[in-house]
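This is protein17.cif. It holds mmCIF, N, CA and C atoms.
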data_entry
loop_
_atom_site.label_atom_id
_atom_site.label_comp_id
_atom_site.auth_asym_id
_atom_site.auth_seq_id
_atom_site.Cartn_x
_atom_site.Cartn_y
_atom_site.Cartn_z
N MET P 1 -15.60 12.87 -28.60
CA MET P 1 -16.52 12.56 -27.54
C MET P 1 -17.34 13.82 -27.25
N GLU P 2 -18.64 13.69 -27.29
CA GLU P 2 -19.53 14.82 -27.04
C GLU P 2 -20.25 14.63 -25.72
N PHE P 3 -20.48 15.74 -25.05
CA PHE P 3 -21.20 15.72 -23.79
C PHE P 3 -22.38 16.68 -23.88
N SER P 4 -23.48 16.30 -23.30
CA SER P 4 -24.63 17.20 -23.26
C SER P 4 -24.38 18.28 -22.21
N SER P 5 -25.08 19.37 -22.32
CA SER P 5 -24.90 20.45 -21.35
C SER P 5 -25.31 19.98 -19.95
N GLU P 6 -26.31 19.10 -19.87
CA GLU P 6 -26.74 18.58 -18.57
C GLU P 6 -25.62 17.75 -17.93
N ALA P 7 -24.94 16.94 -18.76
CA ALA P 7 -23.85 16.12 -18.23
C ALA P 7 -22.70 16.99 -17.74
N LEU P 8 -22.40 18.07 -18.46
CA LEU P 8 -21.33 18.98 -18.05
C LEU P 8 -21.68 19.70 -16.76
N VAL P 9 -22.92 20.15 -16.65
CA VAL P 9 -23.37 20.84 -15.43
C VAL P 9 -23.32 19.87 -14.25
N SER P 10 -23.75 18.64 -14.46
CA SER P 10 -23.73 17.63 -13.41
C SER P 10 -22.30 17.34 -12.95
N ALA P 11 -21.38 17.22 -13.91
CA ALA P 11 -19.98 16.97 -13.57
C ALA P 11 -19.39 18.15 -12.81
N ALA P 12 -19.70 19.36 -13.23
CA ALA P 12 -19.19 20.56 -12.55
C ALA P 12 -19.73 20.62 -11.12
N GLN P 13 -21.00 20.27 -10.93
CA GLN P 13 -21.60 20.28 -9.59
C GLN P 13 -20.94 19.24 -8.70
N GLU P 14 -20.65 18.07 -9.27
CA GLU P 14 -20.00 17.01 -8.50
C GLU P 14 -18.61 17.44 -8.07
N ILE P 15 -17.87 18.08 -8.96
CA ILE P 15 -16.53 18.58 -8.62
C ILE P 15 -16.63 19.60 -7.50
N ALA P 16 -17.59 20.52 -7.60
CA ALA P 16 -17.78 21.54 -6.57
C ALA P 16 -18.11 20.89 -5.22
N ASP P 17 -18.93 19.85 -5.24
CA ASP P 17 -19.30 19.15 -4.01
C ASP P 17 -18.09 18.47 -3.37
N VAL P 18 -17.22 17.89 -4.18
CA VAL P 18 -16.02 17.23 -3.66
C VAL P 18 -15.05 18.26 -3.10
N VAL P 19 -14.81 19.33 -3.84
CA VAL P 19 -13.87 20.37 -3.41
C VAL P 19 -14.34 21.03 -2.12
N SER P 20 -15.63 21.25 -2.00
CA SER P 20 -16.17 21.92 -0.81
C SER P 20 -16.27 20.98 0.40
N GLY P 21 -16.12 19.68 0.18
CA GLY P 21 -16.20 18.72 1.26
C GLY P 21 -17.60 18.17 1.50
N ARG P 22 -18.56 18.57 0.69
CA ARG P 22 -19.92 18.05 0.84
C ARG P 22 -20.03 16.60 0.37
N LYS P 23 -19.11 16.19 -0.46
CA LYS P 23 -19.15 14.84 -1.03
C LYS P 23 -17.73 14.27 -1.04
N LYS P 24 -17.62 12.97 -0.89
CA LYS P 24 -16.32 12.31 -0.88
C LYS P 24 -16.04 11.70 -2.26
N MET P 25 -14.82 11.86 -2.74
CA MET P 25 -14.41 11.24 -4.00
C MET P 25 -14.18 9.76 -3.75
N THR P 26 -14.78 8.91 -4.54
CA THR P 26 -14.62 7.46 -4.39
C THR P 26 -13.82 6.91 -5.56
N LEU P 27 -13.31 5.72 -5.39
CA LEU P 27 -12.51 5.10 -6.43
C LEU P 27 -13.31 4.87 -7.71
N ARG P 28 -14.59 4.64 -7.58
CA ARG P 28 -15.43 4.43 -8.76
C ARG P 28 -15.46 5.65 -9.67
N LYS P 29 -15.35 6.83 -9.07
CA LYS P 29 -15.41 8.07 -9.85
C LYS P 29 -14.03 8.63 -10.17
N PHE P 30 -13.02 8.19 -9.43
CA PHE P 30 -11.68 8.75 -9.55
C PHE P 30 -10.94 8.16 -10.74
N GLN P 31 -10.46 9.02 -11.61
CA GLN P 31 -9.66 8.57 -12.76
C GLN P 31 -8.31 9.28 -12.67
N HIS P 32 -7.27 8.52 -12.49
CA HIS P 32 -5.94 9.11 -12.34
C HIS P 32 -5.10 8.84 -13.58
N ALA P 33 -4.15 9.72 -13.80
CA ALA P 33 -3.23 9.53 -14.93
C ALA P 33 -2.49 8.21 -14.76
N SER P 34 -2.08 7.63 -15.85
CA SER P 34 -1.38 6.36 -15.80
C SER P 34 -0.03 6.52 -15.10
N ASN P 35 0.54 5.42 -14.72
CA ASN P 35 1.80 5.39 -14.02
C ASN P 35 2.81 4.66 -14.91
N PRO P 36 3.33 5.34 -15.95
CA PRO P 36 4.16 4.65 -16.94
C PRO P 36 5.51 4.19 -16.39
N GLU P 37 6.06 3.18 -17.04
CA GLU P 37 7.39 2.71 -16.67
C GLU P 37 8.41 3.81 -16.98
N MET P 38 9.53 3.77 -16.26
CA MET P 38 10.61 4.74 -16.49
C MET P 38 11.83 3.97 -16.95
N ASN P 39 12.56 4.57 -17.87
CA ASN P 39 13.78 3.91 -18.30
C ASN P 39 14.93 4.28 -17.35
N PRO P 40 16.01 3.50 -17.37
CA PRO P 40 17.12 3.73 -16.45
C PRO P 40 17.71 5.15 -16.54
N GLN P 41 17.75 5.69 -17.74
CA GLN P 41 18.31 7.03 -17.91
C GLN P 41 17.46 8.09 -17.20
N GLU P 42 16.14 7.94 -17.26
CA GLU P 42 15.26 8.88 -16.58
C GLU P 42 15.48 8.85 -15.06
N ILE P 43 15.64 7.67 -14.53
CA ILE P 43 15.85 7.52 -13.08
C ILE P 43 17.19 8.13 -12.68
N SER P 44 18.22 7.84 -13.46
CA SER P 44 19.54 8.42 -13.18
C SER P 44 19.52 9.94 -13.28
N LEU P 45 18.80 10.46 -14.24
CA LEU P 45 18.71 11.90 -14.42
C LEU P 45 18.08 12.57 -13.20
N ILE P 46 17.02 11.99 -12.67
CA ILE P 46 16.39 12.55 -11.47
C ILE P 46 17.40 12.58 -10.32
N ARG P 47 18.09 11.47 -10.12
CA ARG P 47 19.08 11.39 -9.04
C ARG P 47 20.21 12.38 -9.25
N ASN P 48 20.69 12.47 -10.50
CA ASN P 48 21.80 13.38 -10.79
C ASN P 48 21.40 14.85 -10.64
N GLU P 49 20.13 15.17 -10.93
CA GLU P 49 19.67 16.55 -10.73
C GLU P 49 19.72 16.93 -9.25
N LEU P 50 19.55 15.94 -8.39
CA LEU P 50 19.62 16.18 -6.95
C LEU P 50 21.06 16.16 -6.44
N ASN P 51 21.97 15.63 -7.26
CA ASN P 51 23.38 15.52 -6.91
C ASN P 51 23.57 14.70 -5.62
N VAL P 52 22.92 13.53 -5.60
CA VAL P 52 23.02 12.65 -4.43
C VAL P 52 23.46 11.26 -4.89
N SER P 53 23.99 10.51 -3.93
CA SER P 53 24.41 9.13 -4.21
C SER P 53 23.18 8.23 -4.35
N GLN P 54 23.42 7.01 -4.83
CA GLN P 54 22.32 6.05 -4.93
C GLN P 54 21.75 5.74 -3.54
N ALA P 55 22.61 5.70 -2.54
CA ALA P 55 22.15 5.40 -1.18
C ALA P 55 21.24 6.51 -0.64
N VAL P 56 21.63 7.75 -0.87
CA VAL P 56 20.81 8.87 -0.41
C VAL P 56 19.49 8.90 -1.18
N PHE P 57 19.55 8.68 -2.48
CA PHE P 57 18.35 8.67 -3.32
C PHE P 57 17.40 7.57 -2.85
N ALA P 58 17.95 6.40 -2.54
CA ALA P 58 17.15 5.29 -2.05
C ALA P 58 16.47 5.67 -0.73
N SER P 59 17.19 6.32 0.15
CA SER P 59 16.62 6.75 1.42
C SER P 59 15.47 7.73 1.21
N CYS P 60 15.61 8.64 0.26
CA CYS P 60 14.55 9.60 -0.05
C CYS P 60 13.29 8.90 -0.56
N LEU P 61 13.47 7.80 -1.28
CA LEU P 61 12.35 7.07 -1.85
C LEU P 61 11.81 5.98 -0.92
N GLY P 62 12.55 5.70 0.16
CA GLY P 62 12.13 4.65 1.08
C GLY P 62 12.37 3.25 0.54
N VAL P 63 13.43 3.09 -0.26
CA VAL P 63 13.77 1.78 -0.81
C VAL P 63 15.23 1.46 -0.49
N ARG P 64 15.65 0.24 -0.82
CA ARG P 64 17.04 -0.16 -0.59
C ARG P 64 17.95 0.40 -1.69
N PRO P 65 19.20 0.72 -1.37
CA PRO P 65 20.14 1.17 -2.40
C PRO P 65 20.27 0.18 -3.56
N ALA P 66 20.17 -1.12 -3.26
CA ALA P 66 20.26 -2.14 -4.32
C ALA P 66 19.12 -1.97 -5.32
N SER P 67 17.96 -1.51 -4.87
CA SER P 67 16.83 -1.29 -5.77
C SER P 67 17.15 -0.17 -6.76
N VAL P 68 17.66 0.94 -6.24
CA VAL P 68 18.02 2.07 -7.11
C VAL P 68 19.07 1.62 -8.13
N MET P 69 20.05 0.86 -7.67
CA MET P 69 21.11 0.39 -8.56
C MET P 69 20.52 -0.48 -9.68
N SER P 70 19.61 -1.38 -9.32
CA SER P 70 19.03 -2.26 -10.34
C SER P 70 18.14 -1.48 -11.31
N TRP P 71 17.47 -0.43 -10.84
CA TRP P 71 16.67 0.41 -11.74
C TRP P 71 17.56 1.14 -12.72
N GLU P 72 18.66 1.70 -12.21
CA GLU P 72 19.56 2.47 -13.06
C GLU P 72 20.32 1.59 -14.05
N TYR P 73 20.55 0.34 -13.69
CA TYR P 73 21.21 -0.59 -14.61
C TYR P 73 20.21 -1.25 -15.55
N GLY P 74 18.94 -1.08 -15.27
CA GLY P 74 17.90 -1.63 -16.14
C GLY P 74 17.58 -3.09 -15.91
N THR P 75 18.03 -3.64 -14.79
CA THR P 75 17.74 -5.05 -14.52
C THR P 75 16.37 -5.24 -13.87
N ARG P 76 15.83 -4.17 -13.26
CA ARG P 76 14.50 -4.23 -12.65
C ARG P 76 13.78 -2.90 -12.89
N GLN P 77 12.46 -2.95 -12.78
CA GLN P 77 11.62 -1.75 -12.86
C GLN P 77 11.13 -1.41 -11.46
N PRO P 78 10.98 -0.13 -11.15
CA PRO P 78 10.41 0.24 -9.85
C PRO P 78 8.98 -0.28 -9.72
N SER P 79 8.56 -0.54 -8.49
CA SER P 79 7.18 -0.96 -8.23
C SER P 79 6.24 0.21 -8.52
N GLY P 80 4.96 -0.06 -8.46
CA GLY P 80 3.97 0.97 -8.73
C GLY P 80 4.12 2.19 -7.83
N ALA P 81 4.30 1.97 -6.52
CA ALA P 81 4.43 3.08 -5.58
C ALA P 81 5.72 3.86 -5.84
N ALA P 82 6.82 3.16 -6.05
CA ALA P 82 8.09 3.84 -6.34
C ALA P 82 8.02 4.58 -7.67
N ARG P 83 7.35 3.97 -8.65
CA ARG P 83 7.18 4.64 -9.95
C ARG P 83 6.40 5.93 -9.80
N ARG P 84 5.38 5.90 -8.96
CA ARG P 84 4.57 7.10 -8.72
C ARG P 84 5.42 8.19 -8.08
N LEU P 85 6.23 7.83 -7.08
CA LEU P 85 7.13 8.81 -6.45
C LEU P 85 8.12 9.35 -7.46
N LEU P 86 8.66 8.47 -8.30
CA LEU P 86 9.61 8.92 -9.32
C LEU P 86 8.97 9.85 -10.33
N SER P 87 7.71 9.59 -10.70
CA SER P 87 7.05 10.48 -11.67
C SER P 87 6.81 11.85 -11.06
N ILE P 88 6.54 11.90 -9.75
CA ILE P 88 6.40 13.19 -9.07
C ILE P 88 7.77 13.88 -9.03
N ALA P 89 8.81 13.12 -8.68
CA ALA P 89 10.16 13.68 -8.59
C ALA P 89 10.68 14.13 -9.95
N LYS P 90 10.22 13.49 -11.01
CA LYS P 90 10.65 13.89 -12.35
C LYS P 90 10.21 15.32 -12.64
N LYS P 91 9.02 15.68 -12.16
CA LYS P 91 8.50 17.04 -12.36
C LYS P 91 9.13 18.03 -11.39
N ASN P 92 9.46 17.57 -10.18
CA ASN P 92 10.02 18.43 -9.16
C ASN P 92 10.99 17.63 -8.28
N PRO P 93 12.23 17.42 -8.75
CA PRO P 93 13.16 16.56 -8.03
C PRO P 93 13.41 17.00 -6.58
N LYS P 94 13.46 18.27 -6.32
CA LYS P 94 13.79 18.78 -4.97
C LYS P 94 12.75 18.37 -3.92
N ILE P 95 11.57 17.96 -4.38
CA ILE P 95 10.53 17.56 -3.42
C ILE P 95 10.99 16.36 -2.59
N LEU P 96 11.86 15.54 -3.13
CA LEU P 96 12.36 14.38 -2.38
C LEU P 96 13.25 14.77 -1.22
N LEU P 97 13.81 15.96 -1.27
CA LEU P 97 14.72 16.40 -0.21
C LEU P 97 14.01 17.20 0.88
N GLU P 98 12.73 17.51 0.67
CA GLU P 98 11.98 18.28 1.67
C GLU P 98 11.63 17.40 2.84
N THR P 99 11.56 18.01 4.01
CA THR P 99 11.19 17.26 5.22
C THR P 99 9.84 17.69 5.72
#
How would this structure read if it were set down as C-alpha coordinates?
Amino acid sequence: MEFSSEALVSAAQEIADVVSGRKKMTLRKFQHASNPEMNPQEISLIRNELNVSQAVFASCLGVRPASVMSWEYGTRQPSGAARRLLSIAKKNPKILLET
(Lines of atoms letter the chains of each structure in order from A and count residues from 1; the text may use other names and numbers.)
(Lines give C-alpha, C1' and ligand atoms only; values in the text may rest on other atoms or scores of the structure.)
Protein backbone atom coordinates (compact mmCIF):
# COMPACT_ATOMS: atom_id res chain seq x y z
CA MET A 1 0.00 0.00 0.00
CA GLU A 2 1.48 3.33 -1.05
CA PHE A 3 0.61 6.75 0.26
CA SER A 4 1.35 10.11 -1.29
CA SER A 5 3.30 12.62 0.75
CA GLU A 6 0.20 14.84 0.84
CA ALA A 7 -1.86 12.01 2.32
CA LEU A 8 0.79 11.35 4.98
CA VAL A 9 1.02 15.04 5.89
CA SER A 10 -2.78 15.26 6.09
CA ALA A 11 -2.94 12.17 8.34
CA ALA A 12 -0.19 13.55 10.60
CA GLN A 13 -2.03 16.89 10.88
CA GLU A 14 -5.27 15.12 11.76
CA ILE A 15 -3.53 13.11 14.49
CA ALA A 16 -1.99 16.31 15.88
CA ASP A 17 -5.42 17.98 15.89
CA VAL A 18 -6.98 15.07 17.79
CA VAL A 19 -4.14 14.83 20.33
CA SER A 20 -4.20 18.58 20.96
CA GLY A 21 -7.98 18.58 21.42
CA ARG A 22 -8.70 20.80 18.41
CA LYS A 23 -10.59 17.96 16.75
CA LYS A 24 -12.63 15.02 18.05
CA MET A 25 -11.94 11.44 16.94
CA THR A 26 -15.11 9.94 15.44
CA LEU A 27 -16.05 6.35 14.82
CA ARG A 28 -15.81 6.89 11.07
CA LYS A 29 -12.10 7.63 11.40
CA PHE A 30 -11.30 5.34 14.33
CA GLN A 31 -9.78 1.96 13.49
CA HIS A 32 -9.17 -0.30 16.46
CA ALA A 33 -7.35 -3.60 16.67
CA SER A 34 -9.58 -6.64 16.43
CA ASN A 35 -10.97 -8.30 19.51
CA PRO A 36 -10.05 -11.97 18.93
CA GLU A 37 -11.59 -14.90 20.76
CA MET A 38 -9.60 -16.37 23.65
CA ASN A 39 -9.20 -20.03 24.35
CA PRO A 40 -9.92 -21.47 27.81
CA GLN A 41 -6.22 -21.92 28.59
CA GLU A 42 -5.49 -18.24 27.94
CA ILE A 43 -8.27 -17.18 30.31
CA SER A 44 -7.10 -19.59 33.01
CA LEU A 45 -3.53 -18.38 32.61
CA ILE A 46 -4.55 -14.76 33.21
CA ARG A 47 -6.45 -15.76 36.35
CA ASN A 48 -3.64 -17.99 37.58
CA GLU A 49 -1.08 -15.21 37.09
CA LEU A 50 -3.16 -13.15 39.50
CA ASN A 51 -3.43 -16.11 41.90
CA VAL A 52 -7.14 -15.52 42.49
CA SER A 53 -10.22 -17.73 42.58
CA GLN A 54 -12.78 -17.78 39.79
CA ALA A 55 -15.11 -15.76 42.01
CA VAL A 56 -12.54 -13.03 42.62
CA PHE A 57 -11.58 -12.98 38.92
CA ALA A 58 -15.26 -12.65 37.99
CA SER A 59 -15.63 -9.73 40.40
CA CYS A 60 -12.62 -7.99 38.81
CA LEU A 61 -14.21 -8.37 35.37
CA GLY A 62 -17.73 -7.46 36.51
CA VAL A 63 -19.22 -10.81 35.52
CA ARG A 64 -20.74 -13.79 37.34
CA PRO A 65 -18.45 -16.59 38.61
CA ALA A 66 -20.46 -19.02 36.44
CA SER A 67 -19.34 -17.04 33.37
CA VAL A 68 -15.66 -17.40 34.24
CA MET A 69 -16.18 -21.11 34.89
CA SER A 70 -17.86 -21.62 31.51
CA TRP A 71 -15.08 -19.69 29.73
CA GLU A 72 -12.39 -21.78 31.39
CA TYR A 73 -14.22 -25.02 30.59
CA GLY A 74 -14.71 -23.88 27.01
CA THR A 75 -18.49 -24.13 27.01
CA ARG A 76 -18.93 -20.39 26.30
CA GLN A 77 -16.91 -17.48 24.92
CA PRO A 78 -16.68 -14.12 26.70
CA SER A 79 -18.77 -11.29 25.25
CA GLY A 80 -17.13 -8.52 23.28
CA ALA A 81 -16.70 -6.25 26.33
CA ALA A 82 -15.35 -9.06 28.52
CA ARG A 83 -13.04 -10.17 25.70
CA ARG A 84 -11.69 -6.64 25.47
CA LEU A 85 -11.01 -6.55 29.22
CA LEU A 86 -9.35 -9.96 29.01
CA SER A 87 -7.12 -8.85 26.13
CA ILE A 88 -5.99 -5.87 28.22
CA ALA A 89 -5.45 -8.15 31.24
CA LYS A 90 -3.47 -10.58 29.10
CA LYS A 91 -0.89 -7.83 28.54
CA ASN A 92 -1.01 -6.58 32.14
CA PRO A 93 -2.90 -8.93 34.49
CA LYS A 94 -2.32 -6.79 37.62
CA ILE A 95 -4.41 -4.00 36.10
CA LEU A 96 -7.53 -5.93 37.13
CA LEU A 97 -6.55 -5.64 40.78
CA GLU A 98 -6.02 -1.87 40.72
CA THR A 99 -8.65 0.36 42.30
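Running the PyMOL selection byres (((chain P and resi 90 and name CA) around 9) and name CA) on this file leaves P:Glu42, P:Ile43, P:Leu45, P:Ile46, P:Leu85, P:Leu86, P:Ser87, P:Ile88, P:Ala89, P:Lys91, P:Asn92, P:Pro93 selected.
Put simply, CA of Gly80 (chain P) is 7.2 Å away from CA of Asn35 (chain P).
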Original post:
Of the candidates P:Met69, P:Leu96, P:Ala12, P:Ala7, which one gets nearest to Ala55 (chain P) if we count all atoms listed in the file?
Top reply: P:Met69
Original post:
Tell me, which residues of region 7-96 of chain P carry DSSP helix (DSSP H, G or I), written as a PyMOL selection string?
Top reply: chain P and resi 7-20+40-50+54-61+65-73+80-91+93-96
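Comparing the minimum interatomic distances between Tyr73 (chain P) and each of P:Gln41, P:Ala58, P:Ala11, P:Asn48, counting all atoms listed in the file, we find that P:Gln41 sits nearest.
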Subject >> For Leu97 (chain P), the nearest of the candidates P:Cys60, P:Met38, P:Ala81, P:Val18, counting only N, CA and C atoms >> reply: P:Cys60
**OP:** Excluding Glu37 (chain P) and any residue of its chain fewer than 5 positions from it, enumerate the residues within 8 Å of it, using all atoms listed in the file, and give them as a list of chain:residue names.
**Re:** P:Gln77, P:Pro78, P:Arg83
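When CA of Val63 (chain P) is paired with CA of Ala82 (chain P), their separation reads 8.2 Å.
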**OP:** May I ask for the distance between atom N of Thr75 (chain P) and CA of Ser44 (chain P), given in Å to one decimal place?
**Re:** 12.3 Å
